[in-house]
Structures are given as structure tokens and as C-alpha cells.
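coords.txt (compact mmCIF, C-alpha atoms)
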# COMPACT_ATOMS: atom_id res chain seq x y z
CA MET A 719 -11.12 -6.11 -21.92
CA LYS A 720 -10.80 -7.88 -25.27
CA ASN A 721 -12.17 -4.85 -27.12
CA TYR A 722 -9.82 -2.63 -25.14
CA ILE A 723 -6.80 -4.59 -26.35
CA ILE A 724 -8.03 -4.83 -29.94
CA ASN A 725 -8.77 -1.10 -30.13
CA LEU A 726 -5.48 -0.27 -28.44
CA GLN A 727 -3.55 -2.37 -30.96
CA ALA A 728 -5.39 -0.79 -33.87
CA ALA A 729 -4.92 2.75 -32.55
CA TRP A 730 -1.29 2.09 -31.67
CA SER A 731 -0.56 0.82 -35.21
CA GLU A 732 -2.36 3.74 -36.79
CA VAL A 733 -0.71 6.47 -34.71
CA PHE A 734 2.78 5.12 -34.19
CA SER A 735 3.34 4.02 -37.77
CA ARG A 736 4.28 7.69 -38.19
CA THR A 737 7.76 8.62 -36.99
CA SER A 738 6.71 12.10 -35.97
CA TYR A 739 4.28 10.73 -33.37
CA ILE A 740 6.94 8.37 -31.99
CA VAL A 741 9.36 11.30 -31.68
CA GLY A 742 6.72 13.50 -30.05
CA ALA A 743 5.58 10.85 -27.56
CA ALA A 744 9.18 9.96 -26.67
CA ALA A 745 10.13 13.63 -26.25
CA LEU A 746 7.16 14.31 -23.98
CA ALA A 747 7.77 11.14 -21.95
CA LEU A 748 11.40 12.19 -21.48
CA ILE A 749 10.38 15.69 -20.43
CA VAL A 750 7.87 14.33 -17.90
CA PHE A 751 10.46 11.93 -16.49
CA VAL A 752 13.16 14.59 -16.24
CA PHE A 753 10.73 16.98 -14.61
CA ALA A 754 9.56 14.33 -12.11
CA VAL A 755 13.11 13.49 -11.04
CA LEU A 756 14.31 17.09 -10.86
CA LEU A 757 11.12 18.57 -9.41
CA PRO A 758 12.17 18.35 -5.74
CA ASN A 759 15.37 20.23 -6.53
CA LEU A 760 14.28 22.93 -8.95
CA ALA A 761 15.23 25.55 -6.33
CA LEU A 762 18.72 24.05 -6.09
CA LEU A 763 19.08 24.02 -9.86
CA ASN A 764 17.96 27.62 -10.02
CA GLU A 765 20.61 28.60 -7.46
CA VAL A 766 23.35 26.59 -9.12
CA VAL A 767 22.61 27.54 -12.71
CA PHE A 768 21.67 31.21 -12.25
CA GLY A 769 23.04 32.17 -8.85
CA SER A 770 26.45 30.56 -8.82
CA SER A 771 29.74 31.59 -10.35
CA ALA A 772 30.74 27.94 -10.84
CA PRO A 773 32.08 26.84 -14.25
CA LEU A 774 29.54 25.54 -16.77
CA ALA A 775 30.94 22.00 -16.49
CA THR A 776 30.26 21.99 -12.73
CA LYS A 777 26.70 23.16 -13.30
CA VAL A 778 26.10 20.49 -15.95
CA ASN A 779 27.66 17.72 -13.85
CA LEU A 780 25.62 18.64 -10.79
CA THR A 781 22.42 18.70 -12.83
CA LEU A 782 23.20 15.31 -14.34
CA SER A 783 24.09 13.85 -10.97
CA LEU A 784 20.60 14.67 -9.71
CA PHE A 785 19.29 11.93 -12.01
CA GLY A 786 20.97 9.51 -9.62
CA GLY A 787 18.06 10.42 -7.35
CA ILE A 788 15.91 7.90 -9.22
CA SER A 789 17.78 5.17 -7.33
CA THR A 790 18.32 6.94 -3.99
CA ASN A 791 15.31 9.20 -3.64
CA PHE A 792 12.61 6.94 -5.07
CA SER A 793 11.36 3.63 -3.74
CA THR A 794 11.24 0.79 -6.27
CA LEU A 795 7.49 1.22 -6.53
CA SER A 796 7.63 4.99 -7.03
CA ALA A 797 10.45 4.65 -9.59
CA ILE A 798 8.35 2.15 -11.56
CA TYR A 799 5.17 4.21 -11.58
CA THR A 800 7.08 7.43 -12.30
CA ILE A 801 8.53 5.83 -15.45
CA LEU A 802 5.13 4.35 -16.36
CA ILE A 803 3.40 7.70 -15.86
CA ALA A 804 5.96 9.44 -18.08
CA VAL A 805 5.53 6.87 -20.86
CA LEU A 806 1.74 6.82 -20.59
CA VAL A 807 1.49 10.61 -20.63
CA GLY A 808 3.63 10.67 -23.81
CA VAL A 809 1.54 7.99 -25.51
CA ASN A 810 -1.76 9.50 -24.39
CA VAL A 811 -1.00 13.01 -25.53
CA ALA A 812 0.37 11.76 -28.86
CA MET A 813 -2.87 9.84 -29.44
CA ILE A 814 -5.01 12.82 -28.44
CA VAL A 815 -3.08 15.09 -30.81
CA TYR A 816 -3.52 12.49 -33.58
CA LEU A 817 -7.24 12.25 -32.91
CA VAL A 818 -7.77 15.98 -32.88
CA ARG A 819 -5.69 16.56 -36.02
CA LYS A 820 -6.88 13.69 -38.14
CA ARG A 821 -10.49 13.47 -37.22
CA SER A 822 -11.19 16.94 -35.98
CA ALA A 823 -12.82 15.14 -33.11
CA MET A 824 -13.03 16.13 -29.52
CA LEU A 825 -12.38 13.66 -26.77
CA GLY A 826 -15.47 14.56 -24.84
CA GLN A 827 -15.82 15.25 -21.14
CA LYS A 828 -15.27 11.63 -20.13
CA GLY A 829 -11.88 11.39 -21.84
CA LEU A 830 -10.71 14.80 -20.70
CA LEU A 831 -11.75 14.13 -17.12
CA ALA A 832 -9.97 10.78 -17.08
CA GLY A 833 -6.84 12.28 -18.64
CA ALA A 834 -6.71 15.24 -16.28
CA SER A 835 -7.35 12.96 -13.29
CA GLY A 836 -4.55 10.64 -14.39
CA VAL A 837 -2.03 13.45 -14.76
CA ALA A 838 -3.16 15.14 -11.52
CA SER A 839 -2.92 11.99 -9.44
CA GLY A 840 0.46 11.31 -11.06
CA ALA A 841 1.70 14.71 -9.92
CA LEU A 842 0.62 13.86 -6.38
CA GLY A 843 2.16 10.40 -6.46
CA VAL A 844 5.43 11.54 -7.97
CA GLY A 845 5.73 14.16 -5.25
CA CYS A 846 5.68 11.37 -2.71
CA ALA A 847 9.20 10.30 -3.63
CA ALA A 848 10.67 11.93 -0.54
CA CYS A 849 9.08 11.47 2.84
CA GLY A 850 6.24 13.86 3.34
CA SER A 851 5.80 14.80 -0.31
CA PHE A 852 5.54 18.50 -1.09
CA LEU A 853 2.30 18.54 -3.08
CA LEU A 854 0.46 15.76 -1.34
CA SER A 855 1.24 16.74 2.23
CA THR A 856 0.59 20.39 1.47
CA ILE A 857 -2.80 19.72 -0.06
CA LEU A 858 -3.90 17.23 2.57
CA ALA A 859 -2.71 19.53 5.34
CA SER A 860 -4.71 22.32 3.69
CA PHE A 861 -7.83 20.30 4.23
CA GLY A 862 -6.78 19.16 7.69
CA ALA A 863 -6.30 15.65 6.35
CA GLY A 864 -2.57 15.19 6.77
CA ALA A 865 -3.15 12.19 9.03
CA ALA A 866 -5.03 10.48 6.20
CA LEU A 867 -1.65 9.54 4.72
CA ALA A 868 -0.89 7.40 7.75
CA ILE A 869 -3.94 5.26 7.01
CA LEU A 870 -2.86 4.52 3.45
CA PRO A 871 -0.72 1.37 3.33
CA LEU A 872 1.64 2.85 0.74
CA LYS A 873 1.65 6.30 2.41
CA GLY A 874 0.58 8.07 -0.78
CA GLY A 875 2.07 5.68 -3.34
CA GLU A 876 -1.56 4.83 -4.06
CA PHE A 877 -1.82 8.08 -6.02
CA GLY A 878 0.90 6.98 -8.41
CA ILE A 879 -0.77 3.61 -8.96
CA ALA A 880 -4.14 5.33 -9.45
CA SER A 881 -2.51 7.63 -11.96
CA VAL A 882 -1.19 4.70 -13.99
CA ALA A 883 -4.69 3.15 -13.93
CA LEU A 884 -6.37 6.40 -14.96
CA LEU A 885 -3.89 6.97 -17.75
CA GLY A 886 -4.57 3.41 -18.91
CA LEU A 887 -8.29 4.20 -18.89
CA THR A 888 -7.71 7.35 -20.93
CA LEU A 889 -5.64 5.36 -23.37
CA GLY A 890 -8.60 3.02 -23.80
CA ILE A 891 -11.03 5.87 -24.40
CA VAL A 892 -8.77 7.55 -26.95
CA SER A 893 -8.03 4.23 -28.66
CA ASN A 894 -11.74 3.57 -29.00
CA LYS A 895 -12.19 6.94 -30.65
CA ILE A 896 -9.30 6.31 -33.05
CA ALA A 897 -10.31 2.75 -33.86
CA GLU A 898 -14.03 3.34 -34.33
CA PRO A 899 -15.14 3.68 -37.97
CA LEU A 900 -15.79 7.09 -39.42
CA VAL A 901 -19.55 7.21 -39.93
CA CYS A 902 -22.22 9.84 -39.91
CA GLU A 903 -24.77 9.06 -37.23
CA PRO A 904 -28.23 10.52 -37.64
CA LYS A 905 -29.66 12.40 -34.71
CA GLU A 906 -32.72 10.66 -33.34
CA ASN A 907 -34.84 13.78 -33.27
CA ASN A 908 -34.23 14.30 -37.01
CA TYR A 909 -37.05 11.90 -37.59
CA ASP A 910 -39.49 13.28 -35.05
CA MET B 47 -3.68 8.55 -45.05
CA ASP B 48 -0.66 10.17 -46.58
CA GLU B 49 2.53 10.75 -44.68
CA PRO B 50 2.60 14.40 -43.63
CA SER B 51 5.00 16.89 -45.18
CA LYS B 52 8.33 17.94 -43.65
CA THR B 53 6.59 20.77 -41.85
CA ASN B 54 4.20 18.30 -40.29
CA THR B 55 7.06 16.02 -39.31
CA LEU B 56 8.33 18.79 -37.07
CA SER B 57 5.03 20.26 -36.08
CA ILE B 58 3.53 17.04 -34.71
CA PRO B 59 6.21 16.36 -32.08
CA ILE B 60 6.09 20.04 -31.12
CA ALA B 61 2.30 19.89 -30.91
CA ILE B 62 2.52 16.82 -28.65
CA VAL B 63 5.02 18.50 -26.32
CA ILE B 64 2.98 21.73 -26.24
CA ALA B 65 -0.22 19.80 -25.56
CA GLY B 66 1.53 17.99 -22.72
CA ALA B 67 2.82 21.29 -21.33
CA LEU B 68 -0.69 22.78 -21.49
CA ILE B 69 -2.21 19.83 -19.65
CA ALA B 70 0.58 19.88 -17.04
CA GLY B 71 0.18 23.64 -16.65
CA ALA B 72 -3.56 23.31 -16.14
CA VAL B 73 -3.05 20.57 -13.56
CA TYR B 74 -0.35 22.56 -11.78
CA MET B 75 -2.47 25.72 -11.69
CA GLY B 76 -5.41 23.71 -10.40
CA ILE B 77 -3.36 22.16 -7.63
CA SER B 78 -1.71 25.48 -6.73
CA SER B 79 -5.01 27.28 -6.43
CA LYS B 80 -6.48 24.50 -4.29
CA ALA B 81 -3.53 24.55 -1.92
CA GLY B 82 -3.41 28.32 -1.89
CA SER B 83 -7.09 28.62 -1.04
CA ALA B 84 -6.46 27.12 2.37
CA GLU B 85 -3.56 29.37 3.32
CA ASN B 86 -5.64 31.45 5.69
CA GLN B 87 -6.89 28.41 7.53
CA GLN B 88 -3.50 26.75 7.87
CA PRO B 89 -0.63 29.15 8.52
CA GLN B 90 1.84 26.25 8.50
CA VAL B 91 0.96 25.47 4.92
CA ALA B 92 1.44 29.08 3.92
CA GLU B 93 4.89 28.96 5.47
CA GLN B 94 5.67 25.83 3.50
CA GLN B 95 4.88 27.60 0.27
CA THR B 96 6.81 30.75 1.07
CA GLY B 97 9.82 29.10 2.71
CA ASN B 98 13.00 31.09 2.60
CA LEU B 99 16.50 29.72 3.20
CA ASP B 100 17.42 32.93 5.00
CA GLN B 101 15.00 31.86 7.73
CA MET B 102 17.42 29.11 8.71
CA ALA B 103 18.23 29.45 12.41
CA ALA B 104 21.90 30.13 13.08
CA VAL B 105 23.96 27.16 14.23
CA THR B 106 24.41 27.35 18.00
CA ASN B 107 25.61 25.24 20.92
CA GLU B 108 22.16 23.65 21.04
CA ASP B 109 22.81 22.04 17.67
CA HIS B 110 24.44 18.68 17.16
CA ILE B 111 27.48 19.03 14.96
CA ARG B 112 29.66 16.33 13.42
CA GLY B 113 32.96 17.42 11.94
CA ASN B 114 34.69 20.78 12.32
CA PRO B 115 32.29 23.39 13.77
CA ASN B 116 34.35 26.09 12.01
CA ALA B 117 34.43 24.31 8.67
CA PRO B 118 34.11 26.41 5.51
CA VAL B 119 31.01 24.44 4.48
CA THR B 120 28.13 23.52 6.76
CA ILE B 121 25.36 21.09 5.87
CA VAL B 122 22.26 21.49 7.99
CA GLU B 123 20.07 18.41 7.68
CA TYR B 124 16.45 18.35 8.85
CA SER B 125 15.59 14.69 9.38
CA ASP B 126 12.93 12.27 10.60
CA TYR B 127 13.99 9.08 12.40
CA GLU B 128 11.27 6.98 10.76
CA CYS B 129 11.86 8.21 7.22
CA PRO B 130 13.45 5.50 5.04
CA PHE B 131 15.07 8.14 2.86
CA CYS B 132 16.70 9.73 5.93
CA LYS B 133 17.96 6.28 6.86
CA SER B 134 19.50 5.78 3.42
CA PHE B 135 20.88 9.35 3.35
CA HIS B 136 22.63 8.91 6.72
CA PRO B 137 25.54 6.76 5.41
CA THR B 138 25.97 9.22 2.54
CA MET B 139 26.48 12.03 5.02
CA GLN B 140 28.77 9.89 7.18
CA ARG B 141 30.92 9.24 4.13
CA ILE B 142 30.98 12.94 3.26
CA VAL B 143 32.19 13.92 6.74
CA ASP B 144 34.79 11.13 6.74
CA GLU B 145 36.17 12.15 3.36
CA TYR B 146 36.09 15.93 3.72
CA GLY B 147 37.44 16.02 7.29
CA ASP B 148 37.78 19.56 8.60
CA LYS B 149 36.26 21.11 5.51
CA VAL B 150 32.70 20.13 6.38
CA ALA B 151 30.39 20.40 9.38
CA TRP B 152 27.19 18.34 9.52
CA VAL B 153 24.41 19.75 11.66
CA TYR B 154 21.49 17.47 12.51
CA ARG B 155 18.06 18.99 13.21
CA HIS B 156 14.73 17.29 13.87
CA PHE B 157 11.86 17.28 11.37
CA PRO B 158 9.40 14.64 12.67
CA LEU B 159 6.59 14.09 10.16
CA ASP B 160 3.91 13.32 12.73
CA SER B 161 1.18 12.73 10.16
CA ILE B 162 2.91 9.67 8.73
CA HIS B 163 5.49 8.78 11.40
CA SER B 164 3.88 9.01 14.82
CA LYS B 165 6.96 7.56 16.55
CA ALA B 166 9.51 9.99 15.09
CA ARG B 167 9.02 12.72 17.69
CA ALA B 168 9.61 10.35 20.63
CA GLU B 169 12.74 9.09 18.90
CA ALA B 170 13.97 12.66 18.44
CA VAL B 171 13.47 13.19 22.18
CA ALA B 172 15.53 10.06 22.84
CA THR B 173 18.48 11.44 20.89
CA GLU B 174 18.28 14.71 22.81
CA CYS B 175 18.32 12.72 26.04
CA ALA B 176 21.35 10.84 24.77
CA ALA B 177 23.04 14.18 24.13
CA GLU B 178 22.15 15.41 27.61
CA LEU B 179 23.53 12.32 29.30
CA GLY B 180 26.52 11.62 27.08
CA GLY B 181 27.28 14.79 25.16
CA ASN B 182 27.55 15.44 21.42
CA ASP B 183 29.31 12.13 20.75
CA ALA B 184 26.49 10.21 22.43
CA PHE B 185 23.95 12.01 20.23
CA TRP B 186 25.73 10.85 17.11
CA GLN B 187 26.36 7.34 18.42
CA PHE B 188 22.68 7.04 19.27
CA THR B 189 21.61 8.39 15.89
CA ASP B 190 24.02 6.16 13.92
CA ARG B 191 22.94 3.07 15.82
CA PHE B 192 19.27 3.95 15.56
CA PHE B 193 19.41 4.16 11.76
CA GLU B 194 21.38 0.90 11.66
CA LEU B 195 18.90 -1.00 13.81
CA THR B 196 15.49 0.26 12.82
CA PRO B 197 13.35 -0.55 9.77
CA SER B 198 11.76 2.94 9.26
CA ASN B 199 8.17 3.70 8.28
CA ASN B 200 6.95 3.66 11.88
CA ARG B 201 7.79 -0.01 12.39
CA THR B 202 10.25 0.57 15.24
CA ASP B 203 9.49 -1.00 18.59
CA ILE B 204 10.54 2.06 20.56
CA ALA B 205 9.87 0.50 23.96
CA THR B 206 12.63 -1.99 23.22
CA VAL B 207 15.00 -0.21 20.86
CA LEU B 208 15.47 3.12 22.65
CA PRO B 209 16.62 1.66 26.00
CA GLN B 210 18.67 -0.94 24.12
CA ILE B 211 20.68 1.71 22.27
CA ALA B 212 21.03 3.75 25.47
CA ARG B 213 22.56 0.70 27.15
CA GLU B 214 24.81 -0.07 24.19
CA ILE B 215 26.37 3.38 24.18
CA GLY B 216 26.84 3.37 27.95
CA LEU B 217 24.13 5.77 29.12
CA ASN B 218 22.48 5.49 32.51
CA GLU B 219 19.25 3.74 31.61
CA GLN B 220 17.23 5.07 34.50
CA GLN B 221 18.22 8.67 33.82
CA PHE B 222 17.53 8.08 30.16
CA THR B 223 14.01 6.80 30.89
CA THR B 224 13.33 9.73 33.20
CA CYS B 225 14.52 12.14 30.55
CA LEU B 226 12.26 10.55 27.92
CA ALA B 227 9.22 11.19 30.06
CA SER B 228 10.20 14.70 31.14
CA GLY B 229 9.03 16.59 28.06
CA LYS B 230 11.97 18.97 28.45
CA TYR B 231 12.99 18.72 24.80
CA ASP B 232 9.55 19.11 23.27
CA ASP B 233 10.02 22.83 22.59
CA HIS B 234 13.47 22.31 21.10
CA ILE B 235 12.21 19.66 18.68
CA GLN B 236 9.21 21.76 17.73
CA ALA B 237 11.53 24.73 17.13
CA ASN B 238 13.66 22.58 14.81
CA LEU B 239 10.56 21.46 12.93
CA ASP B 240 9.15 24.99 12.65
CA ASN B 241 12.49 26.23 11.39
CA GLY B 242 12.71 23.46 8.81
CA ILE B 243 9.27 24.41 7.50
CA ALA B 244 10.16 28.11 7.51
CA THR B 245 13.18 27.41 5.31
CA GLY B 246 10.99 25.66 2.74
CA GLY B 247 11.30 22.07 3.89
CA ASN B 248 8.21 20.00 3.24
CA GLY B 249 9.59 16.50 3.25
CA THR B 250 12.64 14.74 4.61
CA PRO B 251 15.55 14.65 4.38
CA TRP B 252 15.77 18.38 3.77
CA SER B 253 19.26 19.86 3.76
CA ILE B 254 20.77 23.29 3.39
CA VAL B 255 24.40 23.64 2.32
CA VAL B 256 25.93 26.87 3.64
CA THR B 257 29.16 28.31 2.29
CA ALA B 258 31.67 30.34 4.32
CA ASN B 259 30.31 33.56 2.84
CA GLY B 260 26.77 32.62 3.89
CA LYS B 261 25.35 31.55 0.54
CA LYS B 262 22.79 28.77 0.92
CA TYR B 263 21.90 25.89 -1.38
CA PRO B 264 18.77 23.79 -0.75
CA LEU B 265 18.94 20.03 -1.26
CA SER B 266 15.74 18.02 -1.13
CA GLY B 267 15.60 14.28 -0.62
CA ALA B 268 18.12 11.49 -0.25
CA GLN B 269 20.33 12.50 -3.13
CA SER B 270 23.26 10.38 -4.20
CA TYR B 271 26.78 10.72 -2.84
CA ALA B 272 27.85 12.12 -6.23
CA THR B 273 25.32 14.94 -5.99
CA VAL B 274 26.21 15.87 -2.41
CA LYS B 275 29.91 15.76 -3.25
CA GLN B 276 29.50 18.02 -6.26
CA LEU B 277 27.45 20.46 -4.28
CA ILE B 278 30.06 20.59 -1.52
CA ASP B 279 32.85 21.03 -4.03
CA LEU B 280 30.90 23.90 -5.55
CA ALA B 281 30.33 25.42 -2.10
CA LEU B 282 34.02 25.08 -1.25
CA SER B 283 35.00 26.76 -4.52
CA GLU B 284 32.87 29.77 -3.67
CA ASN B 285 34.59 30.48 -0.37

Please rewrite the model in this file as C-alpha cells.
Amino acid sequence: MKNYIINLQAAWSEVFSRTSYIVGAAALALIVFVFAVLLPNLALLNEVVFGSSAPLATKVNLTLSLFGGISTNFSTLSAIYTILIAVLVGVNVAMIVYLVRKRSAMLGQKGLLAGASGVASGALGVGCAACGSFLLSTILASFGAGAALAILPLKGGEFGIASVALLGLTLGIVSNKIAEPLVCEPKENNYD
Amino acid sequence: MDEPSKTNTLSIPIAIVIAGALIAGAVYMGISSKAGSAENQQPQVAEQQTGNLDQMAAVTNEDHIRGNPNAPVTIVEYSDYECPFCKSFHPTMQRIVDEYGDKVAWVYRHFPLDSIHSKARAEAVATECAAELGGNDAFWQFTDRFFELTPSNNRTDIATVLPQIAREIGLNEQQFTTCLASGKYDDHIQANLDNGIATGGNGTPWSIVVTANGKKYPLSGAQSYATVKQLIDLALSEN
């Protein structure tokens, strides 16, 4: 845990001392947040923006009003983890881009798996904002496991929490990669 | 390391956003293909993914309508009695009907999410029994009181609460109890649920705003009063 924090601090300082990475992470976090809040009503937005003869101001106002859904259509828990997921996705991707650009390094299967799992479980958890959740209920029903939700104490909110944890884990893995010294390591079999 | 050039200053944020979009796209495609692969086994799921607002069943005498049945704008809400978001959306809709008067009709249909709210279907039956014994007004009185009294998330003590509300609104308790056990409204509630799914509903509350010329707008979730108001104003302007 101590190493995790030390590496995270070092990586954070290295990456986010550059304005461009702050801007990129913030932009991505904002996009993820906007998408998460508007996701349940993309069909409505499509109808209003492209299928309605309403004035532009009406279309803009209706779109903006949908952001009020963060207080009416999300529980406190889901609002918190939705915001956390958005921020963590922004920070994670910024760090991955930094790592790939500056060190020409690949994250490796472990990091990619953790990152993909974090984002995937976040998508499931975020979908749980309204009762029944589109993605989660659809997928579980596909596997005949719709009733499994009833067993979960948070009725699917667990996916959002798991997502935050997995994104935290990814952050640790990427931070380790960024913070570790650049050295050439000999392959063991070179000396066979 | 040196600070990147101006080109890099722009390219890095763009690279971050594109990388995020690629990851999100990969996740979305992965989820879509997983869900899609089971379509043949679960027709209901396939319907969820291909829902069409035009599948909405026409409003008839079997529906429960609050407001002017001939209003220029109709809001058809598919709702679950144990859903906390339906509970919080209910006062929003009450306020809309109060403020818009004859311009709006609110139609209430059942969408019990059995997998997470095992009590919701029995509660839907209770409201139908209330309607049978006391008419349309009794349906709405029962529904209003139910959302006031109950905590949602399947925590309602239905053995106590349902007869209590029936008594409060002046229904014959014995007839009410007999009706609850009769099963006569099972098909009606299932038809409501099937229709909600057919229209694209996959969570509650799920609402469809219909203009006088038949155009339909989907509204998912317990959206704020401001959103519902703006959508109704838009629907009214298109008549």
C-alpha cells in the first residue's frame, strides 16, 4: 500500500505537471460523465435534436435539463461512483497515453485486463441508475440470471463500486510502470 | 523531459480522448455482442433491444388516466410500485398534471420488475382491484397513497399496507381481498409489462410523451420536473 501511494504520487507529479495531460484527462472525464448521465435518454435526444422542429434554444435547454437527472435519477451512491468512474477513467487513460508516448512501453496483459474490467464494470454499474438497468438487466437476463440482482444487497450498485476499485488497481499498475526506473534488464537465458 | 511543442499540446489531449473512446468502444462492442448472442434463447431480451415506440398500445378504457383524456399531450408511464425512482417521479407527474390542467393526460401502466422487486406485481394487482371496486379515482388514490406510505425496494409489508390503503380510501375490504386472490388481472398486468418492453422500456420509470399528431418521445428514468416540463412544452408546440 505504501509503495502504491509513493508510486502514484511520483507518477501523478510526472504526468500532470504537463498542462496538456491535465486538459486531456479533464476533457475525457467530462465526456464520460456527460455520456453516463445522458445515456438513458440518447433516444430522446436523438428525437429532439434531429426529429423535432423545435427552436434551437428549446433543444439546448432540454438537453441541459437532463443533467438534473444526476440528482433525481441517480441514488447518492450511484452519483458518487459515476463521478469517481469518470475522473478515474480520465486519469487512467491520460497516464496510459503518457506511458505509451514517453516510454514506448506497453502496459502488458495485466494492466489492460484490469483497465478493461474497470471500464466494463463501470458501464454496468452506471446503467443501474434507473430501476432495472438497461445493460445489466439485459445481460443477466440473457444468461437467465436476472434474479441474481435480487440477491445483491445494492441491486447492482456493486458493479459501480467494483469498477472504482478496478480503476484504482489499474492506476496503481500504470503508476508503477511510470515510476519504475528506466533500466535495461538482461534476459536470463542470455547467459545459458 | 522537455515540454512538448504546440502541436503536442493539442495532440496529447486529443490522444487521451481518442484512447478513451477506443476503450469505451471496445467495451461497448464486447457487451453488445455478449447480449446479442443470447437473443435466440431469450426472445424478451431481443424485444428489449429492438423496442419501438410505435409498438405502444393505444390508450383505451382499460387504462388509468389522470387529467383530460382528450388532452393534446399524453404521457404514458410504465411504472413499478417498488421502484424508488418511480416513487420519486410520482410527485413530479402529479405536479405536471396539476399545472397543465386540461392540456395533459397521464396514463399509468404496470411494469413490475419481478427479478428485483418480487412484491411489485401483487401491488399492481391491488391497484387494479381498487379500480374495479372504486373506479378510476380509487386507482389514483390508491397509487398516490401507496407511494406516500411505502419505502420501495421490496421493503413493503404488503399484508398490512394493501388492506390499510383499501380501508383508508373507503373500499370494501372483503371484496378487495377476494379480488387480490382472484388472479383476474394477471393477464392485464402482463400485457402492460410486455407492451412496455416492446416499446423499448428496460427499466422504470419508462415514459412515452405523445403529441396530438401522434409523435412520440421516449423518456427514461425519474427525470427532473424541469426536463418533463420542457418536453411537454415542446410536445404542445408541435400540435

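If you look at atom CA of Phe185 of chain B and atom CA of Asn241 of chain B, they are 20.3 Å away from each other.
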
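Counting all atoms listed in the file, the residue from A:Leu889, A:Leu817, A:Val882, A:Ala812 that sits nearest to Ile740 of chain A is A:Ala812.
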
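Contact shell of segment 755-769 of chain A at 6 Å (all atoms listed in the file; same-chain neighbours under 2 positions omitted): Val752 and Phe753 of chain A; Tyr263, Pro264 and Ser266 of chain B.
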
> What does the distance from atom CA of Gly180 of chain B to atom CA of Ile243 of chain B come to in Å, to one decimal?
Replying inline: 29.1 Å

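When all atoms listed in the file are used to compute distances to chain A, the closest of the residues B:Glu194, B:Glu123, B:Asp279, B:Asp148 turns out to be B:Asp279.
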
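Comparing A:Leu884, A:Leu802, A:Ala745, A:Val733 by their smallest distance to chain B, the closest is A:Ala745 (using only C-alpha atoms).
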
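Candidate residues B:Pro209, B:Pro197, B:Pro137, B:Gly247 were compared for distance to chain A, and the nearest is B:Gly247, using all atoms listed in the file.
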
> Using all atoms listed in the file, which residue out of B:His136, B:Arg213, B:His163, B:His156 lies closest to Asp190 of chain B?
Replying inline: B:His136

> Mind pulling up the distance from atom CA of Glu178 of chain B to atom CA of Tyr154 of chain B?
Replying inline: 15.3 Å

>> Need the shell around Thr120 of chain B: protein/DNA/RNA residues with any atom at most 8 Å away, counting only C-alpha atoms. Skip same-chain ones fewer than 6 positions apart. Format as a ChimeraX atom specification?
In response: /B:150-153,255-257

Please list as a short mmCIF file (atom, residue, chain, number, x, y, z; two decimals) with C-alpha atoms, keeping the file's coordinate frame every residue within 9 Å of Thr196 of chain B, counting only C-alpha atoms and excluding residues in the same chain fewer than 3 positions away.
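What ended up in part_3.cif:
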data_model
loop_
_atom_site.label_atom_id
_atom_site.label_comp_id
_atom_site.auth_asym_id
_atom_site.auth_seq_id
_atom_site.Cartn_x
_atom_site.Cartn_y
_atom_site.Cartn_z
CA TYR B 127 13.99 9.08 12.40
CA GLU B 128 11.27 6.98 10.76
CA LYS B 133 17.96 6.28 6.86
CA ARG B 191 22.94 3.07 15.82
CA PHE B 192 19.27 3.95 15.56
CA PHE B 193 19.41 4.16 11.76
CA ARG B 201 7.79 -0.01 12.39
CA THR B 202 10.25 0.57 15.24
CA ASP B 203 9.49 -1.00 18.59
CA VAL B 207 15.00 -0.21 20.86
#

> Mind listing as a ChimeraX atom specification all residues within 10 Å of (22.8, 11.6, 22.5), counting all atoms listed in the file?
Replying inline: /B:110,170-189,212,215,217,222

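Between Ala804 of chain A and the residues A:Trp730, A:Asn725, A:Leu748, A:Ile891, the shortest atom-to-atom distance, using all atoms listed in the file, involves A:Leu748.
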
Filled-in all heavy atoms of segment 742-746 of chain A, supplied as an mmCIF file, in the coordinates of the input:
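out38.cif, freshly written:
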data_model
loop_
_atom_site.group_PDB
_atom_site.id
_atom_site.type_symbol
_atom_site.label_atom_id
_atom_site.label_comp_id
_atom_site.auth_asym_id
_atom_site.auth_seq_id
_atom_site.Cartn_x
_atom_site.Cartn_y
_atom_site.Cartn_z
ATOM 1 N N GLY A 742 7.452 12.617 -30.965
ATOM 2 C CA GLY A 742 6.720 13.500 -30.050
ATOM 3 C C GLY A 742 6.415 12.828 -28.728
ATOM 4 O O GLY A 742 6.627 13.413 -27.649
ATOM 5 N N ALA A 743 5.926 11.575 -28.797
ATOM 6 C CA ALA A 743 5.580 10.850 -27.560
ATOM 7 C C ALA A 743 6.837 10.618 -26.726
ATOM 8 O O ALA A 743 6.822 10.791 -25.495
ATOM 9 C CB ALA A 743 4.925 9.516 -27.912
ATOM 10 N N ALA A 744 7.934 10.232 -27.397
ATOM 11 C CA ALA A 744 9.180 9.960 -26.670
ATOM 12 C C ALA A 744 9.715 11.249 -26.038
ATOM 13 O O ALA A 744 10.168 11.240 -24.878
ATOM 14 C CB ALA A 744 10.226 9.374 -27.620
ATOM 15 N N ALA A 745 9.630 12.356 -26.790
ATOM 16 C CA ALA A 745 10.130 13.630 -26.250
ATOM 17 C C ALA A 745 9.321 14.044 -25.026
ATOM 18 O O ALA A 745 9.889 14.448 -23.995
ATOM 19 C CB ALA A 745 10.051 14.713 -27.326
ATOM 20 N N LEU A 746 8.004 13.904 -25.122
ATOM 21 C CA LEU A 746 7.160 14.310 -23.980
ATOM 22 C C LEU A 746 7.395 13.392 -22.775
ATOM 23 O O LEU A 746 7.491 13.866 -21.630
ATOM 24 C CB LEU A 746 5.681 14.294 -24.375
ATOM 25 C CG LEU A 746 4.711 14.751 -23.287
ATOM 26 C CD1 LEU A 746 5.044 16.169 -22.819
ATOM 27 C CD2 LEU A 746 3.270 14.701 -23.793
#
